[in-house]
Structure formats: structure tokens, C-alpha cells
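Text of start_10.cif, listed as mmCIF, N, CA and C atoms:
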data_query
loop_
_atom_site.label_atom_id
_atom_site.label_comp_id
_atom_site.auth_asym_id
_atom_site.auth_seq_id
_atom_site.Cartn_x
_atom_site.Cartn_y
_atom_site.Cartn_z
N MET A 1 -60.27 1.58 -35.90
CA MET A 1 -61.37 2.38 -36.36
C MET A 1 -62.15 1.55 -37.38
N THR A 2 -63.47 1.66 -37.32
CA THR A 2 -64.33 0.95 -38.25
C THR A 2 -65.12 1.94 -39.10
N ILE A 3 -65.14 1.72 -40.38
CA ILE A 3 -65.94 2.53 -41.30
C ILE A 3 -67.00 1.62 -41.90
N ASP A 4 -68.25 2.01 -41.72
CA ASP A 4 -69.35 1.26 -42.34
C ASP A 4 -69.70 1.95 -43.66
N ALA A 5 -69.16 1.42 -44.73
CA ALA A 5 -69.42 1.96 -46.07
C ALA A 5 -70.32 1.01 -46.85
N SER A 6 -71.11 0.23 -46.13
CA SER A 6 -71.93 -0.79 -46.78
C SER A 6 -73.01 -0.21 -47.69
N ALA A 7 -73.44 1.00 -47.43
CA ALA A 7 -74.47 1.63 -48.27
C ALA A 7 -73.87 2.34 -49.48
N LEU A 8 -72.56 2.46 -49.50
CA LEU A 8 -71.88 3.12 -50.62
C LEU A 8 -71.90 2.20 -51.83
N ARG A 9 -72.52 2.64 -52.91
CA ARG A 9 -72.65 1.80 -54.10
C ARG A 9 -71.67 2.19 -55.21
N PHE A 10 -71.02 3.33 -55.07
CA PHE A 10 -70.02 3.74 -56.05
C PHE A 10 -68.80 4.26 -55.31
N ALA A 11 -67.65 3.83 -55.75
CA ALA A 11 -66.40 4.35 -55.21
C ALA A 11 -65.37 4.34 -56.33
N ASP A 12 -64.76 5.49 -56.52
CA ASP A 12 -63.70 5.54 -57.53
C ASP A 12 -62.37 5.22 -56.87
N GLY A 13 -61.33 5.25 -57.65
CA GLY A 13 -60.00 4.93 -57.15
C GLY A 13 -59.54 5.86 -56.06
N ALA A 14 -59.93 7.13 -56.14
CA ALA A 14 -59.52 8.11 -55.12
C ALA A 14 -60.15 7.77 -53.77
N THR A 15 -61.39 7.34 -53.78
CA THR A 15 -62.08 6.96 -52.53
C THR A 15 -61.40 5.75 -51.90
N ALA A 16 -61.15 4.74 -52.70
CA ALA A 16 -60.50 3.53 -52.20
C ALA A 16 -59.09 3.84 -51.72
N ASN A 17 -58.38 4.69 -52.44
CA ASN A 17 -57.03 5.06 -52.04
C ASN A 17 -57.02 5.82 -50.72
N LEU A 18 -58.01 6.67 -50.50
CA LEU A 18 -58.13 7.39 -49.24
C LEU A 18 -58.30 6.42 -48.08
N MET A 19 -59.11 5.39 -48.26
CA MET A 19 -59.31 4.39 -47.21
C MET A 19 -58.03 3.60 -46.96
N LEU A 20 -57.34 3.30 -48.02
CA LEU A 20 -56.07 2.56 -47.91
C LEU A 20 -55.02 3.39 -47.18
N GLN A 21 -54.90 4.66 -47.52
CA GLN A 21 -53.95 5.55 -46.85
C GLN A 21 -54.33 5.74 -45.39
N SER A 22 -55.63 5.83 -45.11
CA SER A 22 -56.09 5.97 -43.73
C SER A 22 -55.72 4.74 -42.91
N ALA A 23 -55.87 3.57 -43.49
CA ALA A 23 -55.52 2.34 -42.79
C ALA A 23 -54.05 2.33 -42.39
N ARG A 24 -53.22 2.92 -43.21
CA ARG A 24 -51.78 2.95 -42.92
C ARG A 24 -51.41 3.97 -41.85
N THR A 25 -52.26 4.95 -41.62
CA THR A 25 -51.91 6.02 -40.67
C THR A 25 -52.69 5.96 -39.37
N VAL A 26 -53.87 5.35 -39.36
CA VAL A 26 -54.66 5.25 -38.14
C VAL A 26 -54.04 4.19 -37.22
N PRO A 27 -53.75 4.55 -35.97
CA PRO A 27 -53.21 3.55 -35.04
C PRO A 27 -54.17 2.37 -34.90
N GLY A 28 -53.67 1.18 -35.06
CA GLY A 28 -54.50 -0.02 -34.98
C GLY A 28 -55.14 -0.42 -36.29
N GLY A 29 -54.95 0.37 -37.33
CA GLY A 29 -55.48 0.03 -38.64
C GLY A 29 -56.94 0.39 -38.80
N LEU A 30 -57.53 -0.16 -39.84
CA LEU A 30 -58.88 0.22 -40.25
C LEU A 30 -59.67 -1.02 -40.64
N ILE A 31 -60.91 -1.06 -40.20
CA ILE A 31 -61.86 -2.09 -40.62
C ILE A 31 -62.88 -1.40 -41.51
N VAL A 32 -63.06 -1.92 -42.71
CA VAL A 32 -64.03 -1.33 -43.64
C VAL A 32 -65.09 -2.36 -43.96
N GLN A 33 -66.33 -2.05 -43.62
CA GLN A 33 -67.47 -2.87 -44.02
C GLN A 33 -67.95 -2.26 -45.33
N CYS A 34 -67.95 -3.06 -46.39
CA CYS A 34 -68.20 -2.45 -47.69
C CYS A 34 -69.03 -3.33 -48.62
N SER A 35 -69.46 -2.70 -49.69
CA SER A 35 -70.20 -3.37 -50.75
C SER A 35 -69.20 -4.10 -51.66
N PRO A 36 -69.68 -5.00 -52.50
CA PRO A 36 -68.78 -5.67 -53.43
C PRO A 36 -68.05 -4.69 -54.37
N GLN A 37 -68.71 -3.60 -54.71
CA GLN A 37 -68.09 -2.61 -55.61
C GLN A 37 -66.87 -1.96 -54.95
N LEU A 38 -67.02 -1.56 -53.69
CA LEU A 38 -65.88 -0.95 -52.99
C LEU A 38 -64.80 -1.98 -52.74
N ARG A 39 -65.19 -3.20 -52.45
CA ARG A 39 -64.21 -4.27 -52.24
C ARG A 39 -63.36 -4.45 -53.51
N PHE A 40 -64.01 -4.40 -54.65
CA PHE A 40 -63.31 -4.54 -55.93
C PHE A 40 -62.25 -3.44 -56.09
N MET A 41 -62.64 -2.19 -55.79
CA MET A 41 -61.69 -1.07 -55.92
C MET A 41 -60.54 -1.21 -54.92
N LEU A 42 -60.84 -1.61 -53.70
CA LEU A 42 -59.78 -1.80 -52.70
C LEU A 42 -58.83 -2.91 -53.14
N ASP A 43 -59.37 -3.98 -53.69
CA ASP A 43 -58.52 -5.08 -54.17
C ASP A 43 -57.63 -4.63 -55.32
N LEU A 44 -58.15 -3.81 -56.22
CA LEU A 44 -57.35 -3.30 -57.33
C LEU A 44 -56.13 -2.52 -56.84
N LEU A 45 -56.30 -1.83 -55.72
CA LEU A 45 -55.22 -1.00 -55.19
C LEU A 45 -54.34 -1.74 -54.18
N GLY A 46 -54.58 -3.04 -54.02
CA GLY A 46 -53.74 -3.83 -53.12
C GLY A 46 -54.24 -3.90 -51.70
N GLY A 47 -55.50 -3.58 -51.48
CA GLY A 47 -56.06 -3.59 -50.14
C GLY A 47 -56.02 -4.95 -49.46
N ALA A 48 -56.19 -6.01 -50.22
CA ALA A 48 -56.17 -7.36 -49.64
C ALA A 48 -54.81 -7.71 -49.04
N ALA A 49 -53.76 -7.10 -49.55
CA ALA A 49 -52.41 -7.38 -49.06
C ALA A 49 -51.95 -6.39 -48.00
N GLU A 50 -52.76 -5.41 -47.67
CA GLU A 50 -52.40 -4.40 -46.67
C GLU A 50 -52.72 -4.92 -45.27
N PRO A 51 -51.69 -5.16 -44.44
CA PRO A 51 -51.94 -5.76 -43.12
C PRO A 51 -52.73 -4.86 -42.17
N SER A 52 -52.73 -3.56 -42.39
CA SER A 52 -53.45 -2.65 -41.49
C SER A 52 -54.90 -2.42 -41.92
N LEU A 53 -55.35 -3.13 -42.96
CA LEU A 53 -56.70 -2.98 -43.47
C LEU A 53 -57.43 -4.31 -43.43
N LEU A 54 -58.57 -4.33 -42.75
CA LEU A 54 -59.43 -5.51 -42.73
C LEU A 54 -60.69 -5.15 -43.50
N ILE A 55 -60.94 -5.89 -44.57
CA ILE A 55 -62.10 -5.62 -45.42
C ILE A 55 -63.17 -6.66 -45.09
N SER A 56 -64.34 -6.16 -44.73
CA SER A 56 -65.47 -7.02 -44.39
C SER A 56 -66.58 -6.75 -45.41
N LEU A 57 -66.97 -7.79 -46.12
CA LEU A 57 -68.02 -7.64 -47.11
C LEU A 57 -69.36 -7.60 -46.40
N ALA A 58 -70.09 -6.51 -46.59
CA ALA A 58 -71.39 -6.34 -45.92
C ALA A 58 -72.44 -7.26 -46.53
N GLU A 59 -73.36 -7.70 -45.72
CA GLU A 59 -74.46 -8.51 -46.24
C GLU A 59 -75.40 -7.64 -47.01
N ARG A 60 -76.00 -8.21 -48.04
CA ARG A 60 -76.96 -7.45 -48.86
C ARG A 60 -78.22 -7.18 -48.06
N GLN A 61 -78.76 -5.99 -48.28
CA GLN A 61 -79.96 -5.62 -47.56
C GLN A 61 -81.14 -5.60 -48.49
#

Could you spell out this file's structure in C-alpha cells?
Amino acid sequence: MTIDASALRFADGATANLMLQSARTVPGGLIVQCSPQLRFMLDLLGGAAEPSLLISLAERQ
């Protein structure tokens, strides 16, 4: 499953945690296209080390 969250400019820990938990439960994992801000929150929660989560930094528009 792919989530395009590239337009999301604010994400708190609960939002990032929801994406992380989803990656662990969705068959095949989760691809998240995100802003640098969301990437930062995902990294704080260990998203970079989660094998079922692929984080793709969206290009600036």
C-alpha cells in the first residue's frame, strides 16, 4: 500500500506512529511518500529501521 502524504506539512508523533503501526499490519508493508517534516517524525519513532516501511522523500513543489 502506498500513502502519498507529500502535501502534509505537519505531523505529530501520533500521526507518525499510526503510519508505523499500519506498516506492521498491512500485508506487504507500506510505502509513504512524505515531506521532510513527516520523515523526521518517522525517523524519531524508528521508521528507518522498520523493514515493512519504505519512506520516500517527496520532491518539493

Decode the PyMOL selection byres ((chain A and resi 57) around 6.5) for the given file into explicit residues and return them as a ChimeraX atom specification. /A:32-36,55-56,58-59

For the selection just defined, write its residues with N, CA and C atoms to a file, as a PDB file, keeping the file's coordinate frame.
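Writing done, so here's selection25.pdb:
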ATOM      1  N   VAL A  32     -63.060  -1.920 -42.710  1.00  0.00           N
ATOM      2  CA  VAL A  32     -64.030  -1.330 -43.640  1.00  0.00           C
ATOM      3  C   VAL A  32     -65.090  -2.360 -43.960  1.00  0.00           C
ATOM      4  N   GLN A  33     -66.330  -2.050 -43.620  1.00  0.00           N
ATOM      5  CA  GLN A  33     -67.470  -2.870 -44.020  1.00  0.00           C
ATOM      6  C   GLN A  33     -67.950  -2.260 -45.330  1.00  0.00           C
ATOM      7  N   CYS A  34     -67.950  -3.060 -46.390  1.00  0.00           N
ATOM      8  CA  CYS A  34     -68.200  -2.450 -47.690  1.00  0.00           C
ATOM      9  C   CYS A  34     -69.030  -3.330 -48.620  1.00  0.00           C
ATOM     10  N   SER A  35     -69.460  -2.700 -49.690  1.00  0.00           N
ATOM     11  CA  SER A  35     -70.200  -3.370 -50.750  1.00  0.00           C
ATOM     12  C   SER A  35     -69.200  -4.100 -51.660  1.00  0.00           C
ATOM     13  N   PRO A  36     -69.680  -5.000 -52.500  1.00  0.00           N
ATOM     14  CA  PRO A  36     -68.780  -5.670 -53.430  1.00  0.00           C
ATOM     15  C   PRO A  36     -68.050  -4.690 -54.370  1.00  0.00           C
ATOM     16  N   ILE A  55     -60.940  -5.890 -44.570  1.00  0.00           N
ATOM     17  CA  ILE A  55     -62.100  -5.620 -45.420  1.00  0.00           C
ATOM     18  C   ILE A  55     -63.170  -6.660 -45.090  1.00  0.00           C
ATOM     19  N   SER A  56     -64.340  -6.160 -44.730  1.00  0.00           N
ATOM     20  CA  SER A  56     -65.470  -7.020 -44.390  1.00  0.00           C
ATOM     21  C   SER A  56     -66.580  -6.750 -45.410  1.00  0.00           C
ATOM     22  N   ALA A  58     -70.090  -6.510 -46.590  1.00  0.00           N
ATOM     23  CA  ALA A  58     -71.390  -6.340 -45.920  1.00  0.00           C
ATOM     24  C   ALA A  58     -72.440  -7.260 -46.530  1.00  0.00           C
ATOM     25  N   GLU A  59     -73.360  -7.700 -45.720  1.00  0.00           N
ATOM     26  CA  GLU A  59     -74.460  -8.510 -46.240  1.00  0.00           C
ATOM     27  C   GLU A  59     -75.400  -7.640 -47.010  1.00  0.00           C
TER      28      GLU A  59
END

Quick one: pick out all strand (DSSP E) residues within chain A from a backbone DSSP run and write them as a list in words. Thr2, Ile3, Asp4, Ala5, Leu30, Ile31, Val32, Gln33, Cys34, Leu53, Leu54, Ile55, Ser56 and Leu57 of chain A

Since I can't run it myself right now, could you work out what the PyMOL selection byres (((chain A and resi 3-19 and name CA) around 9) and name CA) selects here and report it as a PyMOL selection string? chain A and resi 1-2+20-24+30-39+41-42+44-45+47+53+57-60

Which value, in Å to one decimal, gives the distance between atom C of Val26 of chain A and atom N of Ala48 of chain A?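 Spanning atom C of Val26 of chain A to atom N of Ala48 of chain A is a straight-line distance of 16.7 Å.
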
Could you give me the residues within chain A that DSSP places in alpha helix (DSSP H), as a list of chain:residue names?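 DSSP-assigned alpha helix (DSSP H) residues in chain A: A:Gly13, A:Ala14, A:Thr15, A:Ala16, A:Asn17, A:Leu18, A:Met19, A:Leu20, A:Gln21, A:Ser22, A:Ala23, A:Arg24, A:Thr25, A:Pro36, A:Gln37, A:Leu38, A:Arg39, A:Phe40, A:Met41, A:Leu42, A:Asp43, A:Leu44.
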
Got a minute to add N, CA, C and O atoms to segment 15-36 of chain A and dump it as a short mmCIF file (atom, residue, chain, number, x, y, z; two decimals), keeping the file's coordinate frame?
data_model
loop_
_atom_site.label_atom_id
_atom_site.label_comp_id
_atom_site.auth_asym_id
_atom_site.auth_seq_id
_atom_site.Cartn_x
_atom_site.Cartn_y
_atom_site.Cartn_z
N THR A 15 -61.39 7.34 -53.78
CA THR A 15 -62.08 6.96 -52.53
C THR A 15 -61.40 5.75 -51.90
O THR A 15 -61.11 5.74 -50.71
N ALA A 16 -61.15 4.74 -52.70
CA ALA A 16 -60.50 3.53 -52.20
C ALA A 16 -59.09 3.84 -51.72
O ALA A 16 -58.65 3.33 -50.69
N ASN A 17 -58.38 4.69 -52.44
CA ASN A 17 -57.03 5.06 -52.04
C ASN A 17 -57.02 5.82 -50.72
O ASN A 17 -56.14 5.61 -49.88
N LEU A 18 -58.01 6.67 -50.50
CA LEU A 18 -58.13 7.39 -49.24
C LEU A 18 -58.30 6.42 -48.08
O LEU A 18 -57.68 6.57 -47.02
N MET A 19 -59.11 5.39 -48.26
CA MET A 19 -59.31 4.39 -47.21
C MET A 19 -58.03 3.60 -46.96
O MET A 19 -57.68 3.31 -45.83
N LEU A 20 -57.34 3.30 -48.02
CA LEU A 20 -56.07 2.56 -47.91
C LEU A 20 -55.02 3.39 -47.18
O LEU A 20 -54.33 2.89 -46.28
N GLN A 21 -54.90 4.66 -47.52
CA GLN A 21 -53.95 5.55 -46.85
C GLN A 21 -54.33 5.74 -45.39
O GLN A 21 -53.46 5.80 -44.51
N SER A 22 -55.63 5.83 -45.11
CA SER A 22 -56.09 5.97 -43.73
C SER A 22 -55.72 4.74 -42.91
O SER A 22 -55.31 4.86 -41.75
N ALA A 23 -55.87 3.57 -43.49
CA ALA A 23 -55.52 2.34 -42.79
C ALA A 23 -54.05 2.33 -42.39
O ALA A 23 -53.69 1.82 -41.32
N ARG A 24 -53.22 2.92 -43.21
CA ARG A 24 -51.78 2.95 -42.92
C ARG A 24 -51.41 3.97 -41.85
O ARG A 24 -50.35 3.85 -41.24
N THR A 25 -52.26 4.95 -41.62
CA THR A 25 -51.91 6.02 -40.67
C THR A 25 -52.69 5.96 -39.37
O THR A 25 -52.22 6.48 -38.37
N VAL A 26 -53.87 5.35 -39.36
CA VAL A 26 -54.66 5.25 -38.14
C VAL A 26 -54.04 4.19 -37.22
O VAL A 26 -53.82 3.06 -37.66
N PRO A 27 -53.75 4.55 -35.97
CA PRO A 27 -53.21 3.55 -35.04
C PRO A 27 -54.17 2.37 -34.90
O PRO A 27 -55.37 2.55 -34.71
N GLY A 28 -53.67 1.18 -35.06
CA GLY A 28 -54.50 -0.02 -34.98
C GLY A 28 -55.14 -0.42 -36.29
O GLY A 28 -55.82 -1.42 -36.37
N GLY A 29 -54.95 0.37 -37.33
CA GLY A 29 -55.48 0.03 -38.64
C GLY A 29 -56.94 0.39 -38.80
O GLY A 29 -57.51 1.14 -38.01
N LEU A 30 -57.53 -0.16 -39.84
CA LEU A 30 -58.88 0.22 -40.25
C LEU A 30 -59.67 -1.02 -40.64
O LEU A 30 -59.15 -1.91 -41.30
N ILE A 31 -60.91 -1.06 -40.20
CA ILE A 31 -61.86 -2.09 -40.62
C ILE A 31 -62.88 -1.40 -41.51
O ILE A 31 -63.47 -0.40 -41.10
N VAL A 32 -63.06 -1.92 -42.71
CA VAL A 32 -64.03 -1.33 -43.64
C VAL A 32 -65.09 -2.36 -43.96
O VAL A 32 -64.78 -3.44 -44.48
N GLN A 33 -66.33 -2.05 -43.62
CA GLN A 33 -67.47 -2.87 -44.02
C GLN A 33 -67.95 -2.26 -45.33
O GLN A 33 -68.30 -1.09 -45.37
N CYS A 34 -67.95 -3.06 -46.39
CA CYS A 34 -68.20 -2.45 -47.69
C CYS A 34 -69.03 -3.33 -48.62
O CYS A 34 -69.24 -4.51 -48.38
N SER A 35 -69.46 -2.70 -49.69
CA SER A 35 -70.20 -3.37 -50.75
C SER A 35 -69.20 -4.10 -51.66
O SER A 35 -68.00 -3.83 -51.61
N PRO A 36 -69.68 -5.00 -52.50
CA PRO A 36 -68.78 -5.67 -53.43
C PRO A 36 -68.05 -4.69 -54.37
O PRO A 36 -66.90 -4.92 -54.73
#
